[in-house]
Amino acid sequence: MFTQAALKRRSVRNYSDLKFSDTLKAEIGIAIKNLKPLYDDAVTNFKFCPASLINGEVKGKLVKAPYYIIISAKPADGYLENVGFMAEQLVIWLTEQGIGSCYCGMGRPASGAQISDTYCITLALGYPAEGDAFRSDVHQFKRKEIGSYLIGDSENDFLEPFIHFARLAPSAVNAQPVLFEMDGTSIHVYRKKPMLSKMEQMQRIDTGIAIAHIFMYAWEHGYYIDAYKDIKEKNRLIYFITLNIMEETRDE
Ligand SMILES: Cc1cc2nc3c(=O)[nH]c(=O)nc-3n(C[C@H](O)[C@H](O)[C@H](O)COP(=O)(O)O)c2cc1C
C-alpha cells in the first residue's frame, strides 16, 4: 500500500551487510519494468549495481550501501522530473519490501562508466542496519507546515490528502521546493527558483518525486489524473504541470 509505505519511508543511510537473494534481484528488475513514466516517449534507464562495481561507474560522495541503482535518461523536456517520478515509485515499492534507500545527488559519472544516455542520479539501497529503521509516526518527518506548500488561499478538502502525501516526499537537502495551487479538482505544480543554480537539476527531480506521491495516492484510491501543461507564470516560481484529478477511473 502506497499510503503505508509513504508514511514509514525515510532516507536510509546505514545498511546491514545482508545480501539480496537472486529472487529479490529479479523482482527488483520486474518492479523497474513496471514503473510508469510521466511521458510515454521518455527514455529512462535503471542500472542495478553492487557496491563492488559502483566506483567504476559513479564518483563523488555516495551514501555507503550494498547496492546502487544508477539512473540515466535521454534529455528531453521534463526528463529530470520524469526520473524523479519513476524513481520514487521504485523507492515506495522497495519500502513495501522492507528495503531501505537513499537518493545520492552528489554523484557524477566516472571516466569509462558504462552509463546510457545522460547520468541523472543514483539510488543507494539495501536492508536497513539495526536501529536505522523506517518511521513509525508521521511526526518524525521534518517538513514545513502544510500551509507553506500551498499558493494563495486554496483550501480544498478534496485535494488536501493528495497534498498531505506530496508533503511527505523526499527532496534534496530537504529543501522542499515544490508548491501547489489548488484550483477546483486541479493542482497546479510549481517549484521555487533555486538559490544556487547547481540545485536546479536536483529540484527538477524533487518535483517529479512530489508528483509521484500525488499519482500513487490517486492510483491507490481509484482516481484518474489527467496531467497537462497550462500557462501559469508566477513571479519567482517555475510552473511545471497541472494535474486534474477525477473521481472516476477512466473508461477505455
Ligand atoms: C534528489 C535528491 C537528492 C538527494 N541527495 C542526497 C545525498 O546526496 N546524500 C544524502 O545523504 N541524502 C540525499 N538525499 C536525501 C534527502 O536529504 C532527504 O530526502 C531529506 O533530508 C528528507 O528526509 P527523508 O528522506 O528521510 O524524509 C537526497 C534526496 C533527494 C530527493
# chains A, B, ... in the order shown; residues from 1 in each chain; ligands from 1
call {"tool": "residues_around", "arguments": {"residues": "Gln201 in chain A", "least_positions_apart": "3", "cutoff": "12 Å", "atoms": "only C-alpha atoms", "output": "JSON, numbers by chain"}}
result
{"A": [75, 78, 79, 80, 81, 82, 83, 84, 105, 106, 119, 120, 121, 171, 172, 193, 194, 196, 197, 198, 204, 205, 206, 207, 208]}
call {"tool": "residues_near_ligand", "arguments": {"ligand": "ligand 1", "cutoff": "10 Å", "atoms": "only C-alpha atoms and all ligand atoms", "output": "short mmCIF file (atom, residue, chain, number, x, y, z; two decimals) with N, CA and C atoms, in the first residue's frame"}}
result
data_model
loop_
_atom_site.label_atom_id
_atom_site.label_comp_id
_atom_site.auth_asym_id
_atom_site.auth_seq_id
_atom_site.Cartn_x
_atom_site.Cartn_y
_atom_site.Cartn_z
N ALA A 6 4.53 5.31 2.26
CA ALA A 6 4.92 6.73 2.27
C ALA A 6 5.03 7.24 3.70
N LEU A 7 4.19 6.70 4.58
CA LEU A 7 4.21 7.15 5.98
C LEU A 7 5.41 6.61 6.75
N LYS A 8 5.99 5.51 6.27
CA LYS A 8 7.14 4.96 7.00
C LYS A 8 8.49 5.21 6.32
N ARG A 9 8.45 5.61 5.03
CA ARG A 9 9.71 5.81 4.29
C ARG A 9 10.57 6.88 4.93
N ARG A 10 11.85 6.64 4.92
CA ARG A 10 12.82 7.68 5.26
C ARG A 10 14.08 7.40 4.46
N SER A 11 14.97 8.36 4.38
CA SER A 11 16.25 8.12 3.71
C SER A 11 17.10 7.28 4.64
N VAL A 12 17.46 6.09 4.17
CA VAL A 12 18.26 5.17 4.99
C VAL A 12 19.73 5.36 4.63
N ARG A 13 20.55 5.64 5.62
CA ARG A 13 21.98 5.92 5.36
C ARG A 13 22.90 4.90 6.02
N GLY A 60 32.15 10.52 -6.54
CA GLY A 60 31.55 11.56 -5.70
C GLY A 60 31.08 10.98 -4.39
N LYS A 61 30.41 11.82 -3.61
CA LYS A 61 30.02 11.40 -2.26
C LYS A 61 28.70 10.63 -2.32
N LEU A 62 28.81 9.30 -2.25
CA LEU A 62 27.60 8.48 -2.25
C LEU A 62 27.39 7.92 -0.85
N VAL A 63 26.13 7.72 -0.48
CA VAL A 63 25.82 7.03 0.77
C VAL A 63 26.34 5.60 0.64
N LYS A 64 27.03 5.09 1.68
CA LYS A 64 27.60 3.74 1.61
C LYS A 64 26.48 2.70 1.73
N LEU A 80 14.09 15.21 -16.24
CA LEU A 80 14.54 15.03 -14.85
C LEU A 80 13.34 14.87 -13.92
N VAL A 83 12.42 11.38 -14.22
CA VAL A 83 13.33 10.50 -13.46
C VAL A 83 12.87 10.44 -12.00
N GLY A 84 12.55 11.58 -11.41
CA GLY A 84 12.07 11.61 -10.03
C GLY A 84 10.75 10.87 -9.90
N ALA A 87 11.60 7.10 -10.24
CA ALA A 87 12.46 6.62 -9.15
C ALA A 87 11.66 6.51 -7.84
N GLU A 88 10.76 7.48 -7.63
CA GLU A 88 10.03 7.46 -6.36
C GLU A 88 9.03 6.30 -6.32
N SER A 101 16.38 2.87 1.17
CA SER A 101 17.04 3.51 0.03
C SER A 101 17.34 4.97 0.36
N CYS A 102 18.23 5.55 -0.41
CA CYS A 102 18.54 6.98 -0.25
C CYS A 102 19.01 7.52 -1.60
N TYR A 103 18.40 8.60 -2.03
CA TYR A 103 18.87 9.27 -3.25
C TYR A 103 20.27 9.82 -2.97
N CYS A 104 21.15 9.72 -3.95
CA CYS A 104 22.50 10.27 -3.82
C CYS A 104 22.68 11.31 -4.92
N GLY A 105 22.51 12.57 -4.56
CA GLY A 105 22.58 13.64 -5.55
C GLY A 105 23.99 14.11 -5.83
N MET A 106 24.95 13.61 -5.05
CA MET A 106 26.32 14.16 -5.15
C MET A 106 27.23 13.35 -6.08
N GLY A 107 26.65 12.44 -6.86
CA GLY A 107 27.48 11.61 -7.73
C GLY A 107 27.64 12.21 -9.12
N CYS A 120 21.75 10.92 -14.35
CA CYS A 120 20.84 11.80 -13.61
C CYS A 120 21.06 11.72 -12.09
N ILE A 121 20.98 10.53 -11.53
CA ILE A 121 21.09 10.38 -10.07
C ILE A 121 21.31 8.90 -9.75
N THR A 122 21.82 8.64 -8.55
CA THR A 122 22.00 7.26 -8.10
C THR A 122 21.15 7.04 -6.84
N LEU A 123 20.59 5.86 -6.74
CA LEU A 123 19.83 5.46 -5.55
C LEU A 123 20.65 4.41 -4.81
N ALA A 124 20.94 4.66 -3.54
CA ALA A 124 21.60 3.65 -2.70
C ALA A 124 20.50 2.77 -2.12
N PHE A 134 12.56 2.17 9.61
CA PHE A 134 11.64 3.10 8.96
C PHE A 134 10.93 3.95 10.02
N ARG A 135 10.21 4.96 9.58
CA ARG A 135 9.47 5.80 10.53
C ARG A 135 8.22 5.07 11.01
N GLN A 140 7.59 12.17 12.83
CA GLN A 140 9.04 12.03 12.66
C GLN A 140 9.53 12.66 11.35
N PHE A 141 8.59 13.07 10.49
CA PHE A 141 9.00 13.75 9.24
C PHE A 141 9.37 15.19 9.55
N LYS A 142 10.53 15.64 9.08
CA LYS A 142 10.90 17.05 9.24
C LYS A 142 10.41 17.78 7.99
N ARG A 143 9.24 18.34 8.09
CA ARG A 143 8.66 19.03 6.93
C ARG A 143 8.04 20.35 7.39
N ARG A 167 3.64 16.25 0.54
CA ARG A 167 4.48 16.90 1.57
C ARG A 167 5.47 15.90 2.18
N LEU A 168 5.10 14.63 2.22
CA LEU A 168 5.99 13.63 2.83
C LEU A 168 7.09 13.16 1.87
N ALA A 169 7.03 13.62 0.63
CA ALA A 169 8.02 13.18 -0.37
C ALA A 169 9.40 13.70 0.01
N PRO A 170 10.45 12.94 -0.31
CA PRO A 170 11.80 13.43 -0.03
C PRO A 170 12.22 14.51 -1.03
N SER A 171 13.17 15.34 -0.62
CA SER A 171 13.73 16.34 -1.54
C SER A 171 15.20 16.55 -1.19
N ALA A 172 15.99 16.96 -2.16
CA ALA A 172 17.43 17.16 -1.95
C ALA A 172 17.64 18.20 -0.85
N VAL A 173 18.53 17.92 0.07
CA VAL A 173 18.81 18.71 1.29
C VAL A 173 17.52 19.16 2.00
N ASN A 174 16.50 18.37 1.84
CA ASN A 174 15.19 18.63 2.46
C ASN A 174 14.70 20.05 2.18
N ALA A 175 15.01 20.56 0.98
CA ALA A 175 14.67 21.95 0.65
C ALA A 175 13.17 22.14 0.43
N GLN A 176 12.47 21.07 0.09
CA GLN A 176 11.01 21.12 -0.11
C GLN A 176 10.63 22.29 -1.04
N MET A 199 21.51 23.57 -7.77
CA MET A 199 20.36 22.82 -7.23
C MET A 199 19.27 22.59 -8.29
N GLN A 201 19.04 20.97 -11.14
CA GLN A 201 18.81 19.58 -11.57
C GLN A 201 18.10 18.78 -10.47
N MET A 202 18.60 18.94 -9.24
CA MET A 202 18.03 18.17 -8.12
C MET A 202 16.58 18.57 -7.88
N GLN A 203 16.30 19.88 -8.02
CA GLN A 203 14.94 20.33 -7.71
C GLN A 203 13.95 19.94 -8.80
N ARG A 204 14.46 19.71 -10.00
CA ARG A 204 13.58 19.15 -11.04
C ARG A 204 13.22 17.71 -10.66
N ILE A 205 14.22 16.98 -10.16
CA ILE A 205 13.95 15.61 -9.71
C ILE A 205 12.98 15.64 -8.53
N ASP A 206 13.19 16.58 -7.59
CA ASP A 206 12.28 16.71 -6.44
C ASP A 206 10.83 16.90 -6.90
N THR A 207 10.66 17.69 -7.97
CA THR A 207 9.31 17.97 -8.46
C THR A 207 8.64 16.68 -8.92
N GLY A 208 9.39 15.86 -9.65
CA GLY A 208 8.83 14.58 -10.12
C GLY A 208 8.51 13.65 -8.95
N ILE A 209 9.35 13.69 -7.92
CA ILE A 209 9.13 12.84 -6.75
C ILE A 209 7.82 13.23 -6.05
N ALA A 210 7.62 14.54 -5.88
CA ALA A 210 6.39 15.02 -5.21
C ALA A 210 5.16 14.64 -6.03
#
call {"tool": "closest_residue", "arguments": {"among": "A:Phe240, A:Glu247, A:Glu200, A:Gly100", "to": "Glu130 in chain A", "atoms": "only C-alpha atoms"}}
result
A:Gly100
call {"tool": "residues_around", "arguments": {"residues": "range 147-156 of chain A", "least_positions_apart": "6", "cutoff": "6 Å", "atoms": "only C-alpha atoms", "output": "compact mmCIF listing (two decimals) with N, CA and C atoms, in the first residue's frame"}}
result
# COMPACT_ATOMS: atom_id res chain seq x y z
N LEU A 179 5.66 23.61 -4.76
CA LEU A 179 4.47 24.30 -4.24
C LEU A 179 3.26 23.93 -5.07
N PHE A 180 2.10 24.00 -4.45
CA PHE A 180 0.87 23.57 -5.12
C PHE A 180 -0.19 24.66 -5.03
N GLU A 181 -0.91 24.81 -6.14
CA GLU A 181 -2.06 25.72 -6.14
C GLU A 181 -3.29 24.88 -6.44
N MET A 182 -4.21 24.85 -5.52
CA MET A 182 -5.42 24.06 -5.74
C MET A 182 -6.42 24.92 -6.50
call {"tool": "residues_around", "arguments": {"residues": "range 47-49 of chain A", "least_positions_apart": "3", "cutoff": "6 Å", "atoms": "only C-alpha atoms", "output": "list in words"}}
result
Tyr67, Tyr68, Ile69 and Ile70 of chain A
call {"tool": "write_last_selection", "arguments": {"atoms": "N, CA and C atoms", "output": "PDB file, in the first residue's frame"}}
result
ATOM      1  N   TYR A  67      24.113  -1.950  -2.378  1.00  0.00           N
ATOM      2  CA  TYR A  67      23.689  -1.917  -3.791  1.00  0.00           C
ATOM      3  C   TYR A  67      23.353  -0.483  -4.198  1.00  0.00           C
ATOM      4  N   TYR A  68      23.377  -0.288  -5.503  1.00  0.00           N
ATOM      5  CA  TYR A  68      23.013   1.028  -6.055  1.00  0.00           C
ATOM      6  C   TYR A  68      22.176   0.816  -7.312  1.00  0.00           C
ATOM      7  N   ILE A  69      21.377   1.815  -7.636  1.00  0.00           N
ATOM      8  CA  ILE A  69      20.725   1.841  -8.945  1.00  0.00           C
ATOM      9  C   ILE A  69      21.096   3.180  -9.580  1.00  0.00           C
ATOM     10  N   ILE A  70      21.753   3.087 -10.721  1.00  0.00           N
ATOM     11  CA  ILE A  70      22.200   4.291 -11.428  1.00  0.00           C
ATOM     12  C   ILE A  70      21.090   4.659 -12.413  1.00  0.00           C
TER      13      ILE A  70
END
call {"tool": "select_by_dssp", "arguments": {"residues": "range 18-64 of chain A", "states": "strand (DSSP E)", "output": "PyMOL selection string"}}
result
chain A and resi 44-50+58-60
call {"tool": "write_last_selection", "arguments": {"atoms": "N, CA and C atoms", "output": "PDB file, in the first residue's frame"}}
result
ATOM      1  N   THR A  44      14.311   6.228 -20.107  1.00  0.00           N
ATOM      2  CA  THR A  44      14.912   6.282 -18.773  1.00  0.00           C
ATOM      3  C   THR A  44      15.522   4.915 -18.477  1.00  0.00           C
ATOM      4  N   ASN A  45      16.747   4.920 -17.947  1.00  0.00           N
ATOM      5  CA  ASN A  45      17.454   3.656 -17.696  1.00  0.00           C
ATOM      6  C   ASN A  45      17.756   3.508 -16.208  1.00  0.00           C
ATOM      7  N   PHE A  46      17.519   2.312 -15.676  1.00  0.00           N
ATOM      8  CA  PHE A  46      17.819   1.995 -14.280  1.00  0.00           C
ATOM      9  C   PHE A  46      18.815   0.843 -14.286  1.00  0.00           C
ATOM     10  N   LYS A  47      20.028   1.107 -13.790  1.00  0.00           N
ATOM     11  CA  LYS A  47      21.067   0.067 -13.839  1.00  0.00           C
ATOM     12  C   LYS A  47      21.424  -0.365 -12.415  1.00  0.00           C
ATOM     13  N   PHE A  48      21.130  -1.619 -12.113  1.00  0.00           N
ATOM     14  CA  PHE A  48      21.408  -2.184 -10.787  1.00  0.00           C
ATOM     15  C   PHE A  48      22.904  -2.478 -10.689  1.00  0.00           C
ATOM     16  N   CYS A  49      23.519  -2.128  -9.565  1.00  0.00           N
ATOM     17  CA  CYS A  49      24.973  -2.232  -9.459  1.00  0.00           C
ATOM     18  C   CYS A  49      25.375  -2.595  -8.023  1.00  0.00           C
ATOM     19  N   PRO A  50      26.102  -3.685  -7.813  1.00  0.00           N
ATOM     20  CA  PRO A  50      26.573  -3.967  -6.450  1.00  0.00           C
ATOM     21  C   PRO A  50      27.657  -2.966  -6.042  1.00  0.00           C
ATOM     22  N   VAL A  58      30.203   5.504 -10.870  1.00  0.00           N
ATOM     23  CA  VAL A  58      29.813   6.819 -10.324  1.00  0.00           C
ATOM     24  C   VAL A  58      30.838   7.263  -9.290  1.00  0.00           C
ATOM     25  N   LYS A  59      31.308   8.500  -9.443  1.00  0.00           N
ATOM     26  CA  LYS A  59      32.264   9.103  -8.489  1.00  0.00           C
ATOM     27  C   LYS A  59      31.517  10.116  -7.622  1.00  0.00           C
ATOM     28  N   GLY A  60      32.145  10.524  -6.537  1.00  0.00           N
ATOM     29  CA  GLY A  60      31.549  11.563  -5.698  1.00  0.00           C
ATOM     30  C   GLY A  60      31.076  10.983  -4.390  1.00  0.00           C
TER      31      GLY A  60
END
call {"tool": "closest_residue", "arguments": {"among": "A:Ile187, A:Leu18, A:Ile92, A:Leu24", "to": "Lys232 in chain A", "atoms": "only C-alpha atoms"}}
result
A:Ile187
call {"tool": "atom_distance", "arguments": {"atom1": "CA of Ala129 in chain A", "atom2": "CA of Asn14 in chain A"}}
result
5.4 Å
call {"tool": "atom_distance", "arguments": {"atom1": "CA of Thr242 in chain A", "atom2": "CA of Ile146 in chain A"}}
result
19.1 Å
call {"tool": "atom_distance", "arguments": {"atom1": "CA of Lys74 in chain A", "atom2": "CA of Arg236 in chain A"}}
result
28.0 Å
call {"tool": "residues_around", "arguments": {"residues": "Leu237 in chain A", "least_positions_apart": "6", "cutoff": "7 Å", "atoms": "only C-alpha atoms", "output": "ChimeraX atom specification"}}
result
/A:190-193
call {"tool": "write_last_selection", "arguments": {"atoms": "C-alpha atoms", "output": "JSON list (two decimals), in the first residue's frame"}}
result
[["chain", "number", "residue", "atom", "x", "y", "z"],
["A", 190, "TYR", "CA", 5.34, 24.89, -9.24],
["A", 191, "ARG", "CA", 8.77, 24.98, -7.69],
["A", 192, "LYS", "CA", 10.72, 27.82, -6.17],
["A", 193, "LYS", "CA", 13.63, 29.20, -8.16]]
call {"tool": "residues_around", "arguments": {"residues": "Lys36 in chain A", "least_positions_apart": "6", "cutoff": "10 Å", "atoms": "only C-alpha atoms", "output": "number ranges by chain"}}
result
A: 82, 85-87, 89-90, 212
call {"tool": "select_by_dssp", "arguments": {"residues": "range 160-235 of chain A", "states": "alpha helix (DSSP H)", "output": "list in words"}}
result
Glu160, Pro161, Phe162, Ile163, His164, Phe165, Ala166, Arg167, Glu200, Gln201, Met202, Gln203, Arg204, Ile205, Asp206, Thr207, Gly208, Ile209, Ala210, Ile211, Ala212, His213, Ile214, Phe215, Met216, Tyr217, Ala218, Trp219 and Glu220 of chain A
call {"tool": "closest_residue", "arguments": {"among": "A:His213, A:Lys234, A:Arg108, A:Lys33", "to": "Phe2 in chain A", "atoms": "only C-alpha atoms"}}
result
A:His213
call {"tool": "closest_residue", "arguments": {"among": "A:Ile115, A:Ala5, A:Leu53, A:Ala76", "to": "Val138 in chain A", "atoms": "only C-alpha atoms"}}
result
A:Ala5
